[in-house]
$ cat structure_37.tsv   # TSV, N, CA and C atoms
chain	number	residue	atom	x	y	z
A	993	MET	N	125.29	53.57	155.12
A	993	MET	CA	125.57	54.95	155.40
A	993	MET	C	126.08	55.62	154.13
A	994	ASN	N	125.38	56.64	153.71
A	994	ASN	CA	125.77	57.39	152.50
A	994	ASN	C	126.53	58.64	152.90
A	995	ILE	N	127.63	58.86	152.20
A	995	ILE	CA	128.42	60.06	152.43
A	995	ILE	C	128.25	60.95	151.21
A	996	ASP	N	127.77	62.16	151.45
A	996	ASP	CA	127.55	63.11	150.36
A	996	ASP	C	128.82	63.93	150.16
A	997	LEU	N	129.48	63.72	149.03
A	997	LEU	CA	130.73	64.41	148.72
A	997	LEU	C	130.51	65.70	147.93
A	998	THR	N	129.27	66.03	147.65
A	998	THR	CA	128.97	67.22	146.85
A	998	THR	C	129.59	68.49	147.43
A	999	PRO	N	129.47	68.76	148.74
A	999	PRO	CA	130.08	69.99	149.27
A	999	PRO	C	131.60	70.03	149.10
A	1000	ILE	N	132.23	68.87	149.19
A	1000	ILE	CA	133.68	68.82	149.02
A	1000	ILE	C	134.04	69.18	147.58
A	1001	PHE	N	133.32	68.59	146.61
A	1001	PHE	CA	133.58	68.90	145.21
A	1001	PHE	C	133.28	70.36	144.89
A	1002	GLN	N	132.22	70.91	145.48
A	1002	GLN	CA	131.90	72.32	145.26
A	1002	GLN	C	133.01	73.21	145.80
A	1003	ALA	N	133.57	72.84	146.94
A	1003	ALA	CA	134.66	73.63	147.52
A	1003	ALA	C	135.91	73.55	146.65
A	1004	ILE	N	136.18	72.37	146.11
A	1004	ILE	CA	137.35	72.21	145.23
A	1004	ILE	C	137.18	73.04	143.97
A	1005	ILE	N	135.98	73.01	143.38
A	1005	ILE	CA	135.72	73.78	142.17
A	1005	ILE	C	135.84	75.28	142.46
A	1006	ALA	N	135.32	75.71	143.60
A	1006	ALA	CA	135.43	77.13	143.98
A	1006	ALA	C	136.89	77.54	144.16
A	1007	LEU	N	137.68	76.66	144.77
A	1007	LEU	CA	139.10	76.94	144.96
A	1007	LEU	C	139.83	77.04	143.62
A	1008	LEU	N	139.53	76.10	142.72
A	1008	LEU	CA	140.15	76.14	141.39
A	1008	LEU	C	139.75	77.40	140.63
A	1009	ALA	N	138.48	77.77	140.72
A	1009	ALA	CA	138.01	78.98	140.04
A	1009	ALA	C	138.72	80.21	140.58
A	1010	THR	N	138.93	80.25	141.89
A	1010	THR	CA	139.63	81.37	142.50
A	1010	THR	C	141.08	81.42	142.04
A	1011	LEU	N	141.73	80.27	142.03
A	1011	LEU	CA	143.13	80.24	141.58
A	1011	LEU	C	143.26	80.67	140.13
A	1012	ILE	N	142.37	80.18	139.29
A	1012	ILE	CA	142.40	80.56	137.88
A	1012	ILE	C	142.16	82.05	137.73
A	1013	THR	N	141.20	82.56	138.47
A	1013	THR	CA	140.87	83.98	138.39
A	1013	THR	C	142.04	84.86	138.81
A	1014	TYR	N	142.72	84.49	139.89
A	1014	TYR	CA	143.77	85.34	140.42
A	1014	TYR	C	145.15	85.10	139.80
A	1015	LYS	N	145.38	83.96	139.20
A	1015	LYS	CA	146.69	83.68	138.61
A	1015	LYS	C	146.70	83.84	137.09
A	1016	LEU	N	145.69	83.27	136.43
A	1016	LEU	CA	145.68	83.26	134.98
A	1016	LEU	C	145.14	84.57	134.39
A	1017	THR	N	144.18	85.17	135.05
A	1017	THR	CA	143.59	86.40	134.53
A	1017	THR	C	144.62	87.53	134.37
A	1018	PRO	N	145.50	87.78	135.34
A	1018	PRO	CA	146.50	88.83	135.13
A	1018	PRO	C	147.42	88.55	133.94
A	1019	TRP	N	147.77	87.29	133.75
A	1019	TRP	CA	148.62	86.93	132.62
A	1019	TRP	C	147.91	87.22	131.30
A	1020	ILE	N	146.63	86.89	131.23
A	1020	ILE	CA	145.85	87.13	130.02
A	1020	ILE	C	145.77	88.62	129.73
A	1021	LYS	N	145.61	89.41	130.76
A	1021	LYS	CA	145.50	90.85	130.58
A	1021	LYS	C	146.74	91.46	129.96
A	1022	THR	N	147.88	90.83	130.16
A	1022	THR	CA	149.10	91.35	129.55
A	1022	THR	C	149.18	91.02	128.07
A	1023	LYS	N	148.37	90.09	127.60
A	1023	LYS	CA	148.45	89.63	126.21
A	1023	LYS	C	147.35	90.20	125.31
A	1024	THR	N	146.40	90.93	125.85
A	1024	THR	CA	145.29	91.45	125.05
A	1024	THR	C	145.07	92.93	125.36
A	1025	THR	N	144.35	93.60	124.45
A	1025	THR	CA	144.02	95.01	124.69
A	1025	THR	C	142.85	95.10	125.66
A	1026	LYS	N	142.67	96.26	126.21
A	1026	LYS	CA	141.58	96.46	127.17
A	1026	LYS	C	140.22	96.22	126.53
A	1027	ALA	N	140.03	96.68	125.30
A	1027	ALA	CA	138.75	96.48	124.61
A	1027	ALA	C	138.49	94.99	124.37
A	1028	GLN	N	139.52	94.24	123.99
A	1028	GLN	CA	139.36	92.80	123.78
A	1028	GLN	C	139.01	92.11	125.09
A	1029	GLN	N	139.65	92.52	126.17
A	1029	GLN	CA	139.36	91.93	127.48
A	1029	GLN	C	137.92	92.20	127.90
A	1030	GLU	N	137.47	93.44	127.70
A	1030	GLU	CA	136.11	93.80	128.08
A	1030	GLU	C	135.08	93.03	127.24
A	1031	ASN	N	135.33	92.92	125.95
A	1031	ASN	CA	134.41	92.18	125.08
A	1031	ASN	C	134.33	90.71	125.45
A	1032	LEU	N	135.49	90.09	125.70
A	1032	LEU	CA	135.51	88.68	126.10
A	1032	LEU	C	134.83	88.49	127.45
A	1033	ALA	N	135.09	89.39	128.40
A	1033	ALA	CA	134.47	89.28	129.72
A	1033	ALA	C	132.95	89.41	129.63
A	1034	ALA	N	132.48	90.35	128.82
A	1034	ALA	CA	131.03	90.54	128.67
A	1034	ALA	C	130.39	89.32	128.00
A	1035	ALA	N	131.04	88.80	126.96
A	1035	ALA	CA	130.50	87.62	126.27
A	1035	ALA	C	130.53	86.41	127.20
A	1036	ALA	N	131.59	86.26	127.99
A	1036	ALA	CA	131.68	85.14	128.93
A	1036	ALA	C	130.59	85.22	129.98
A	1037	LYS	N	130.32	86.43	130.44
A	1037	LYS	CA	129.27	86.61	131.45
A	1037	LYS	C	127.90	86.21	130.88
A	1038	ILE	N	127.64	86.61	129.66
A	1038	ILE	CA	126.37	86.24	129.01
A	1038	ILE	C	126.29	84.73	128.85
A	1039	ALA	N	127.38	84.11	128.40
A	1039	ALA	CA	127.39	82.66	128.21
A	1039	ALA	C	127.20	81.92	129.53
A	1040	VAL	N	127.82	82.42	130.60
A	1040	VAL	CA	127.69	81.78	131.91
A	1040	VAL	C	126.27	81.92	132.45
A	1041	TYR	N	125.69	83.09	132.32
A	1041	TYR	CA	124.32	83.28	132.78
A	1041	TYR	C	123.35	82.38	131.99
A	1042	ALA	N	123.57	82.28	130.68
A	1042	ALA	CA	122.72	81.41	129.85
A	1042	ALA	C	122.88	79.96	130.27
A	1043	ALA	N	124.11	79.52	130.50
A	1043	ALA	CA	124.35	78.14	130.92
A	1043	ALA	C	123.70	77.86	132.27
A	1044	GLU	N	123.79	78.82	133.18
A	1044	GLU	CA	123.17	78.66	134.50
A	1044	GLU	C	121.66	78.54	134.36
A	1045	GLN	N	121.08	79.35	133.50
A	1045	GLN	CA	119.63	79.31	133.28
A	1045	GLN	C	119.20	77.99	132.65
A	1046	LEU	N	119.99	77.50	131.70
A	1046	LEU	CA	119.63	76.27	130.99
A	1046	LEU	C	119.83	75.01	131.83
A	1047	TYR	N	120.93	74.93	132.56
A	1047	TYR	CA	121.28	73.68	133.23
A	1047	TYR	C	121.09	73.68	134.74
A	1048	GLY	N	120.97	74.84	135.36
A	1048	GLY	CA	120.74	74.89	136.81
A	1048	GLY	C	121.94	74.42	137.61
A	1049	ALA	N	121.69	74.08	138.87
A	1049	ALA	CA	122.76	73.71	139.79
A	1049	ALA	C	123.28	72.30	139.52
A	1050	ASN	N	124.51	72.07	139.94
A	1050	ASN	CA	125.15	70.75	139.90
A	1050	ASN	C	125.34	70.16	138.51
A	1051	ASN	N	125.49	70.97	137.51
A	1051	ASN	CA	125.77	70.51	136.15
A	1051	ASN	C	126.97	71.27	135.61
A	1052	GLY	N	128.02	71.34	136.41
A	1052	GLY	CA	129.18	72.16	136.08
A	1052	GLY	C	129.82	71.85	134.74
A	1053	GLU	N	130.01	70.58	134.44
A	1053	GLU	CA	130.67	70.21	133.18
A	1053	GLU	C	129.81	70.60	131.98
A	1054	LYS	N	128.51	70.38	132.07
A	1054	LYS	CA	127.60	70.75	130.97
A	1054	LYS	C	127.61	72.26	130.77
A	1055	LYS	N	127.57	73.01	131.88
A	1055	LYS	CA	127.55	74.47	131.79
A	1055	LYS	C	128.87	74.99	131.22
A	1056	LEU	N	129.98	74.40	131.64
A	1056	LEU	CA	131.28	74.82	131.12
A	1056	LEU	C	131.36	74.56	129.63
A	1057	GLU	N	130.93	73.40	129.20
A	1057	GLU	CA	130.98	73.06	127.77
A	1057	GLU	C	130.07	73.98	126.97
A	1058	TYR	N	128.89	74.27	127.49
A	1058	TYR	CA	127.97	75.18	126.81
A	1058	TYR	C	128.60	76.56	126.66
A	1059	ALA	N	129.19	77.07	127.74
A	1059	ALA	CA	129.80	78.41	127.70
A	1059	ALA	C	130.96	78.44	126.70
A	1060	LYS	N	131.79	77.40	126.69
A	1060	LYS	CA	132.89	77.33	125.73
A	1060	LYS	C	132.36	77.37	124.30
A	1061	GLN	N	131.36	76.54	124.02
A	1061	GLN	CA	130.81	76.48	122.67
A	1061	GLN	C	130.16	77.80	122.27
A	1062	ALA	N	129.47	78.44	123.22
A	1062	ALA	CA	128.82	79.72	122.93
A	1062	ALA	C	129.86	80.79	122.58
A	1063	LEU	N	130.96	80.82	123.32
A	1063	LEU	CA	132.00	81.81	123.04
A	1063	LEU	C	132.69	81.52	121.71
A	1064	GLN	N	132.95	80.26	121.43
A	1064	GLN	CA	133.57	79.91	120.16
A	1064	GLN	C	132.64	80.22	118.99
A	1065	ALA	N	131.34	79.95	119.16
A	1065	ALA	CA	130.37	80.26	118.12
A	1065	ALA	C	130.26	81.76	117.89
A	1066	ALA	N	130.52	82.54	118.94
A	1066	ALA	CA	130.46	84.00	118.82
A	1066	ALA	C	131.74	84.57	118.19
A	1067	GLY	N	132.70	83.70	117.90
A	1067	GLY	CA	133.89	84.14	117.21
A	1067	GLY	C	135.10	84.41	118.09
A	1068	TYR	N	135.05	84.02	119.33
A	1068	TYR	CA	136.20	84.20	120.22
A	1068	TYR	C	137.15	83.03	120.02
A	1069	ASP	N	138.15	83.26	119.18
A	1069	ASP	CA	139.12	82.24	118.84
A	1069	ASP	C	140.38	82.47	119.67
A	1070	VAL	N	140.33	82.00	120.92
A	1070	VAL	CA	141.45	82.15	121.84
A	1070	VAL	C	141.84	80.77	122.36
A	1071	ASN	N	143.00	80.69	123.00
A	1071	ASN	CA	143.44	79.39	123.48
A	1071	ASN	C	142.53	78.91	124.61
A	1072	PRO	N	142.50	77.61	124.86
A	1072	PRO	CA	141.58	77.04	125.85
A	1072	PRO	C	141.76	77.61	127.26
A	1073	GLU	N	143.00	77.94	127.64
A	1073	GLU	CA	143.24	78.48	128.97
A	1073	GLU	C	142.60	79.87	129.13
A	1074	THR	N	142.71	80.68	128.10
A	1074	THR	CA	142.11	82.02	128.13
A	1074	THR	C	140.60	81.92	128.19
A	1075	LEU	N	140.05	81.02	127.39
A	1075	LEU	CA	138.60	80.81	127.37
A	1075	LEU	C	138.12	80.35	128.74
A	1076	ARG	N	138.81	79.39	129.31
A	1076	ARG	CA	138.44	78.86	130.62
A	1076	ARG	C	138.54	79.94	131.69
A	1077	ALA	N	139.59	80.74	131.64
A	1077	ALA	CA	139.76	81.81	132.62
A	1077	ALA	C	138.64	82.84	132.53
A	1078	ALA	N	138.25	83.19	131.31
A	1078	ALA	CA	137.15	84.15	131.14
A	1078	ALA	C	135.85	83.59	131.70
A	1079	ILE	N	135.61	82.31	131.45
A	1079	ILE	CA	134.40	81.67	131.96
A	1079	ILE	C	134.43	81.59	133.48
A	1080	GLU	N	135.55	81.15	134.05
A	1080	GLU	CA	135.66	81.03	135.51
A	1080	GLU	C	135.52	82.40	136.18
A	1081	SER	N	136.07	83.42	135.57
A	1081	SER	CA	135.94	84.77	136.11
A	1081	SER	C	134.47	85.20	136.11
A	1082	ALA	N	133.76	84.87	135.04
A	1082	ALA	CA	132.33	85.20	134.97
A	1082	ALA	C	131.54	84.41	136.00
A	1083	VAL	N	131.90	83.15	136.21
A	1083	VAL	CA	131.23	82.33	137.23
A	1083	VAL	C	131.46	82.93	138.60
A	1084	TYR	N	132.69	83.36	138.86
A	1084	TYR	CA	133.03	83.94	140.15
A	1084	TYR	C	132.24	85.21	140.42
A	1085	SER	N	131.81	85.89	139.37
A	1085	SER	CA	131.05	87.13	139.55
A	1085	SER	C	129.54	86.91	139.64
A	1086	LEU	N	129.09	85.66	139.55
A	1086	LEU	CA	127.66	85.38	139.66
A	1086	LEU	C	127.14	85.81	141.03
A	1087	PRO	N	125.92	86.29	141.09
A	1087	PRO	CA	125.34	86.63	142.40
A	1087	PRO	C	125.21	85.38	143.26
A	1088	ILE	N	125.27	85.54	144.55
A	1088	ILE	CA	125.25	84.42	145.48
A	1088	ILE	C	123.97	83.61	145.37
A	1089	TRP	N	122.87	84.22	144.93
A	1089	TRP	CA	121.60	83.49	144.88
A	1089	TRP	C	121.60	82.40	143.82
A	1090	THR	N	122.55	82.36	142.91
A	1090	THR	CA	122.57	81.31	141.91
A	1090	THR	C	123.24	80.05	142.43
A	1091	MET	N	123.92	80.14	143.59
A	1091	MET	CA	124.57	78.96	144.14
A	1091	MET	C	123.58	78.13	144.92
A	1092	ASP	N	123.74	76.83	144.86
A	1092	ASP	CA	122.91	75.90	145.62
A	1092	ASP	C	123.61	75.66	146.95
A	1093	ILE	N	123.15	76.33	147.99
A	1093	ILE	CA	123.80	76.22	149.29
A	1093	ILE	C	122.89	75.46	150.24
A	1094	GLY	N	123.28	74.26	150.56
A	1094	GLY	CA	122.56	73.47	151.55
A	1094	GLY	C	121.19	73.02	151.09
A	1095	ASP	N	120.53	72.30	151.96
A	1095	ASP	CA	119.20	71.80	151.68
A	1095	ASP	C	118.22	72.50	152.60
A	1096	ASP	N	117.79	73.69	152.21
A	1096	ASP	CA	116.85	74.44	153.04
A	1096	ASP	C	115.48	74.51	152.38
A	1097	ALA	N	115.16	73.49	151.58
A	1097	ALA	CA	113.89	73.48	150.87
A	1097	ALA	C	112.71	73.34	151.84
A	1098	ASP	N	112.97	72.73	153.01
A	1098	ASP	CA	111.90	72.52	153.98
A	1098	ASP	C	111.60	73.77	154.79
A	1099	GLU	N	112.53	74.73	154.80
A	1099	GLU	CA	112.31	75.95	155.56
A	1099	GLU	C	111.24	76.80	154.89
A	1100	GLU	N	110.44	77.42	155.73
A	1100	GLU	CA	109.38	78.28	155.21
A	1100	GLU	C	109.99	79.62	154.82
A	1101	LYS	N	109.73	80.05	153.62
A	1101	LYS	CA	110.28	81.30	153.10
A	1101	LYS	C	109.30	82.44	153.35
A	1102	GLU	N	109.84	83.61	153.54
A	1102	GLU	CA	109.01	84.80	153.69
A	1102	GLU	C	108.47	85.17	152.32
A	1103	PRO	N	107.18	85.45	152.19
A	1103	PRO	CA	106.63	85.77	150.86
A	1103	PRO	C	107.21	87.06	150.30
A	1104	VAL	N	107.37	87.06	149.00
A	1104	VAL	CA	107.88	88.24	148.32
A	1104	VAL	C	106.70	89.19	148.09
A	1105	PRO	N	106.83	90.46	148.49
A	1105	PRO	CA	105.71	91.39	148.31
A	1105	PRO	C	105.43	91.66	146.83
A	1106	GLU	N	104.18	91.90	146.54
A	1106	GLU	CA	103.77	92.23	145.17
A	1106	GLU	C	104.30	93.62	144.82
A	1107	PRO	N	104.67	93.83	143.56
A	1107	PRO	CA	105.14	95.16	143.18
A	1107	PRO	C	104.03	96.20	143.30
A	1108	VAL	N	104.41	97.37	143.73
A	1108	VAL	CA	103.45	98.46	143.88
A	1108	VAL	C	103.45	99.26	142.60
A	1109	GLU	N	102.26	99.49	142.07
A	1109	GLU	CA	102.15	100.25	140.83
A	1109	GLU	C	102.42	101.72	141.11
A	1110	ALA	N	103.21	102.33	140.26
A	1110	ALA	CA	103.57	103.73	140.45
A	1110	ALA	C	102.34	104.63	140.26
A	1111	ALA	N	102.27	105.64	141.10
A	1111	ALA	CA	101.16	106.59	141.00
A	1111	ALA	C	101.43	107.56	139.86
A	1112	HIS	N	100.46	107.74	139.01
A	1112	HIS	CA	100.61	108.66	137.87
A	1112	HIS	C	99.72	109.88	138.11
A	1113	PRO	N	100.22	111.06	137.80
A	1113	PRO	CA	99.38	112.25	137.97
A	1113	PRO	C	98.25	112.21	136.95
A	1114	PRO	N	97.10	112.73	137.28
A	1114	PRO	CA	95.98	112.74	136.34
A	1114	PRO	C	96.33	113.54	135.09
A	1115	GLU	N	95.84	113.04	133.97
A	1115	GLU	CA	96.11	113.74	132.71
A	1115	GLU	C	95.29	115.02	132.62
A	1116	GLU	N	95.93	116.07	132.16
A	1116	GLU	CA	95.23	117.34	132.02
A	1116	GLU	C	94.59	117.40	130.65
A	1117	GLU	N	93.45	118.05	130.59
A	1117	GLU	CA	92.75	118.16	129.31
A	1117	GLU	C	93.07	119.45	128.62
$ encode --input "structure_37.tsv" --output "C-alpha cells"
Amino acid sequence: MNIDLTPIFQAIIALLATLITYKLTPWIKTKTTKAQQENLAAAAKIAVYAAEQLYGANNGEKKLEYAKQALQAAGYDVNPETLRAAIESAVYSLPIWTMDIGDDADEEKEPVPEPVEAAHPPEEE
C-alpha cells in the first residue's frame, strides 16, 4: 500500500508561504522605499514565472533556487529572508491554473474555441 504524501507537503508549503507573506513582508516594507519594494516585487514575479515555465510542477526547490539566482544575477543584493519573502509573495500571486491540483488527466476537457479574427472595414481607394 502506497501512501502519497504530496498533498500534505503541498499544504505545508502553502502554509509556510502564507506565513512568510503575511509576517515577513510587512517587516520588509518598513526597511525599504516604495520604489525598491515595487522593483523587487516585479523582478521576483518575473523570476517565479520563469522558474514555473522551466521546471513545471513539483520542483519547488529547483524553482526556488532558480528564482534566487535570477534575482541575485539581476543585482538584488538583499538578505536571504527578504529574497525568500519576495519570491514567496510572487508565488502566492500566481494564477490558480499553474498549480497541480489532483489527478484529473483522465477527465475529458472541453475544447478551447479557436480565436475569431477581427472584422476589418474595407479599405477605401
$ atom_distance --input "structure_37.tsv" --atom1 "CA of Glu1057 in chain A" --atom2 "CA of Ala1003 in chain A"
20.1 Å
$ axis_aligned_box --input "structure_37.tsv" --around "range 1068-1075 of chain A" --padding-each-side "8 Å" --output "lines of an AutoDock Vina configuration file"
center_x = 139.2
center_y = 80.6
center_z = 124.0
size_x = 24.4
size_y = 23.2
size_z = 26.3
$ residues_near_point --input "structure_37.tsv" --point "(128.1, 89.5, 121.3)" --cutoff "8 Å" --atoms "all atoms listed in the file" --output "PyMOL selection string"
chain A and resi 1031+1034-1035+1066
$ residues_near_point --input "structure_37.tsv" --point "(133.3, 81.8, 132.6)" --cutoff "7 Å" --atoms "only N, CA and C atoms" --output "count of residues only"
15
$ closest_residue --input "structure_37.tsv" --among "A:Gln1061, A:Thr1025, A:Thr1074, A:Asn994" --to "Ala1042 in chain A" --atoms "only C-alpha atoms"
A:Gln1061
$ atom_distance --input "structure_37.tsv" --atom1 "atom C of Lys1055 in chain A" --atom2 "CA of Asp996 in chain A"
22.6 Å
$ select_by_dssp --input "structure_37.tsv" --residues "range 993-1037 of chain A" --states "alpha helix (DSSP H)" --output "PDB file with N, CA and C atoms, keeping the file's coordinate frame"
ATOM      1  N   THR A 998     129.270  66.030 147.650  1.00  0.00           N
ATOM      2  CA  THR A 998     128.970  67.220 146.850  1.00  0.00           C
ATOM      3  C   THR A 998     129.590  68.490 147.430  1.00  0.00           C
ATOM      4  N   PRO A 999     129.470  68.760 148.740  1.00  0.00           N
ATOM      5  CA  PRO A 999     130.080  69.990 149.270  1.00  0.00           C
ATOM      6  C   PRO A 999     131.600  70.030 149.100  1.00  0.00           C
ATOM      7  N   ILE A1000     132.230  68.870 149.190  1.00  0.00           N
ATOM      8  CA  ILE A1000     133.680  68.820 149.020  1.00  0.00           C
ATOM      9  C   ILE A1000     134.040  69.180 147.580  1.00  0.00           C
ATOM     10  N   PHE A1001     133.320  68.590 146.610  1.00  0.00           N
ATOM     11  CA  PHE A1001     133.580  68.900 145.210  1.00  0.00           C
ATOM     12  C   PHE A1001     133.280  70.360 144.890  1.00  0.00           C
ATOM     13  N   GLN A1002     132.220  70.910 145.480  1.00  0.00           N
ATOM     14  CA  GLN A1002     131.900  72.320 145.260  1.00  0.00           C
ATOM     15  C   GLN A1002     133.010  73.210 145.800  1.00  0.00           C
ATOM     16  N   ALA A1003     133.570  72.840 146.940  1.00  0.00           N
ATOM     17  CA  ALA A1003     134.660  73.630 147.520  1.00  0.00           C
ATOM     18  C   ALA A1003     135.910  73.550 146.650  1.00  0.00           C
ATOM     19  N   ILE A1004     136.180  72.370 146.110  1.00  0.00           N
ATOM     20  CA  ILE A1004     137.350  72.210 145.230  1.00  0.00           C
ATOM     21  C   ILE A1004     137.180  73.040 143.970  1.00  0.00           C
ATOM     22  N   ILE A1005     135.980  73.010 143.380  1.00  0.00           N
ATOM     23  CA  ILE A1005     135.720  73.780 142.170  1.00  0.00           C
ATOM     24  C   ILE A1005     135.840  75.280 142.460  1.00  0.00           C
ATOM     25  N   ALA A1006     135.320  75.710 143.600  1.00  0.00           N
ATOM     26  CA  ALA A1006     135.430  77.130 143.980  1.00  0.00           C
ATOM     27  C   ALA A1006     136.890  77.540 144.160  1.00  0.00           C
ATOM     28  N   LEU A1007     137.680  76.660 144.770  1.00  0.00           N
ATOM     29  CA  LEU A1007     139.100  76.940 144.960  1.00  0.00           C
ATOM     30  C   LEU A1007     139.830  77.040 143.620  1.00  0.00           C
ATOM     31  N   LEU A1008     139.530  76.100 142.720  1.00  0.00           N
ATOM     32  CA  LEU A1008     140.150  76.140 141.390  1.00  0.00           C
ATOM     33  C   LEU A1008     139.750  77.400 140.630  1.00  0.00           C
ATOM     34  N   ALA A1009     138.480  77.770 140.720  1.00  0.00           N
ATOM     35  CA  ALA A1009     138.010  78.980 140.040  1.00  0.00           C
ATOM     36  C   ALA A1009     138.720  80.210 140.580  1.00  0.00           C
ATOM     37  N   THR A1010     138.930  80.250 141.890  1.00  0.00           N
ATOM     38  CA  THR A1010     139.630  81.370 142.500  1.00  0.00           C
ATOM     39  C   THR A1010     141.080  81.420 142.040  1.00  0.00           C
ATOM     40  N   LEU A1011     141.730  80.270 142.030  1.00  0.00           N
ATOM     41  CA  LEU A1011     143.130  80.240 141.580  1.00  0.00           C
ATOM     42  C   LEU A1011     143.260  80.670 140.130  1.00  0.00           C
ATOM     43  N   THR A1017     144.180  85.170 135.050  1.00  0.00           N
ATOM     44  CA  THR A1017     143.590  86.400 134.530  1.00  0.00           C
ATOM     45  C   THR A1017     144.620  87.530 134.370  1.00  0.00           C
ATOM     46  N   PRO A1018     145.500  87.780 135.340  1.00  0.00           N
ATOM     47  CA  PRO A1018     146.500  88.830 135.130  1.00  0.00           C
ATOM     48  C   PRO A1018     147.420  88.550 133.940  1.00  0.00           C
ATOM     49  N   TRP A1019     147.770  87.290 133.750  1.00  0.00           N
ATOM     50  CA  TRP A1019     148.620  86.930 132.620  1.00  0.00           C
ATOM     51  C   TRP A1019     147.910  87.220 131.300  1.00  0.00           C
ATOM     52  N   ILE A1020     146.630  86.890 131.230  1.00  0.00           N
ATOM     53  CA  ILE A1020     145.850  87.130 130.020  1.00  0.00           C
ATOM     54  C   ILE A1020     145.770  88.620 129.730  1.00  0.00           C
ATOM     55  N   LYS A1021     145.610  89.410 130.760  1.00  0.00           N
ATOM     56  CA  LYS A1021     145.500  90.850 130.580  1.00  0.00           C
ATOM     57  C   LYS A1021     146.740  91.460 129.960  1.00  0.00           C
ATOM     58  N   THR A1022     147.880  90.830 130.160  1.00  0.00           N
ATOM     59  CA  THR A1022     149.100  91.350 129.550  1.00  0.00           C
ATOM     60  C   THR A1022     149.180  91.020 128.070  1.00  0.00           C
ATOM     61  N   LYS A1023     148.370  90.090 127.600  1.00  0.00           N
ATOM     62  CA  LYS A1023     148.450  89.630 126.210  1.00  0.00           C
ATOM     63  C   LYS A1023     147.350  90.200 125.310  1.00  0.00           C
ATOM     64  N   LYS A1026     142.670  96.260 126.210  1.00  0.00           N
ATOM     65  CA  LYS A1026     141.580  96.460 127.170  1.00  0.00           C
ATOM     66  C   LYS A1026     140.220  96.220 126.530  1.00  0.00           C
ATOM     67  N   ALA A1027     140.030  96.680 125.300  1.00  0.00           N
ATOM     68  CA  ALA A1027     138.750  96.480 124.610  1.00  0.00           C
ATOM     69  C   ALA A1027     138.490  94.990 124.370  1.00  0.00           C
ATOM     70  N   GLN A1028     139.520  94.240 123.990  1.00  0.00           N
ATOM     71  CA  GLN A1028     139.360  92.800 123.780  1.00  0.00           C
ATOM     72  C   GLN A1028     139.010  92.110 125.090  1.00  0.00           C
ATOM     73  N   GLN A1029     139.650  92.520 126.170  1.00  0.00           N
ATOM     74  CA  GLN A1029     139.360  91.930 127.480  1.00  0.00           C
ATOM     75  C   GLN A1029     137.920  92.200 127.900  1.00  0.00           C
ATOM     76  N   GLU A1030     137.470  93.440 127.700  1.00  0.00           N
ATOM     77  CA  GLU A1030     136.110  93.800 128.080  1.00  0.00           C
ATOM     78  C   GLU A1030     135.080  93.030 127.240  1.00  0.00           C
ATOM     79  N   ASN A1031     135.330  92.920 125.950  1.00  0.00           N
ATOM     80  CA  ASN A1031     134.410  92.180 125.080  1.00  0.00           C
ATOM     81  C   ASN A1031     134.330  90.710 125.450  1.00  0.00           C
ATOM     82  N   LEU A1032     135.490  90.090 125.700  1.00  0.00           N
ATOM     83  CA  LEU A1032     135.510  88.680 126.100  1.00  0.00           C
ATOM     84  C   LEU A1032     134.830  88.490 127.450  1.00  0.00           C
ATOM     85  N   ALA A1033     135.090  89.390 128.400  1.00  0.00           N
ATOM     86  CA  ALA A1033     134.470  89.280 129.720  1.00  0.00           C
ATOM     87  C   ALA A1033     132.950  89.410 129.630  1.00  0.00           C
ATOM     88  N   ALA A1034     132.480  90.350 128.820  1.00  0.00           N
ATOM     89  CA  ALA A1034     131.030  90.540 128.670  1.00  0.00           C
ATOM     90  C   ALA A1034     130.390  89.320 128.000  1.00  0.00           C
ATOM     91  N   ALA A1035     131.040  88.800 126.960  1.00  0.00           N
ATOM     92  CA  ALA A1035     130.500  87.620 126.270  1.00  0.00           C
ATOM     93  C   ALA A1035     130.530  86.410 127.200  1.00  0.00           C
ATOM     94  N   ALA A1036     131.590  86.260 127.990  1.00  0.00           N
ATOM     95  CA  ALA A1036     131.680  85.140 128.930  1.00  0.00           C
ATOM     96  C   ALA A1036     130.590  85.220 129.980  1.00  0.00           C
ATOM     97  N   LYS A1037     130.320  86.430 130.440  1.00  0.00           N
ATOM     98  CA  LYS A1037     129.270  86.610 131.450  1.00  0.00           C
ATOM     99  C   LYS A1037     127.900  86.210 130.880  1.00  0.00           C
TER     100      LYS A1037
END
$ atom_distance --input "structure_37.tsv" --atom1 "atom N of Pro999 in chain A" --atom2 "CA of Ala1033 in chain A"
28.4 Å
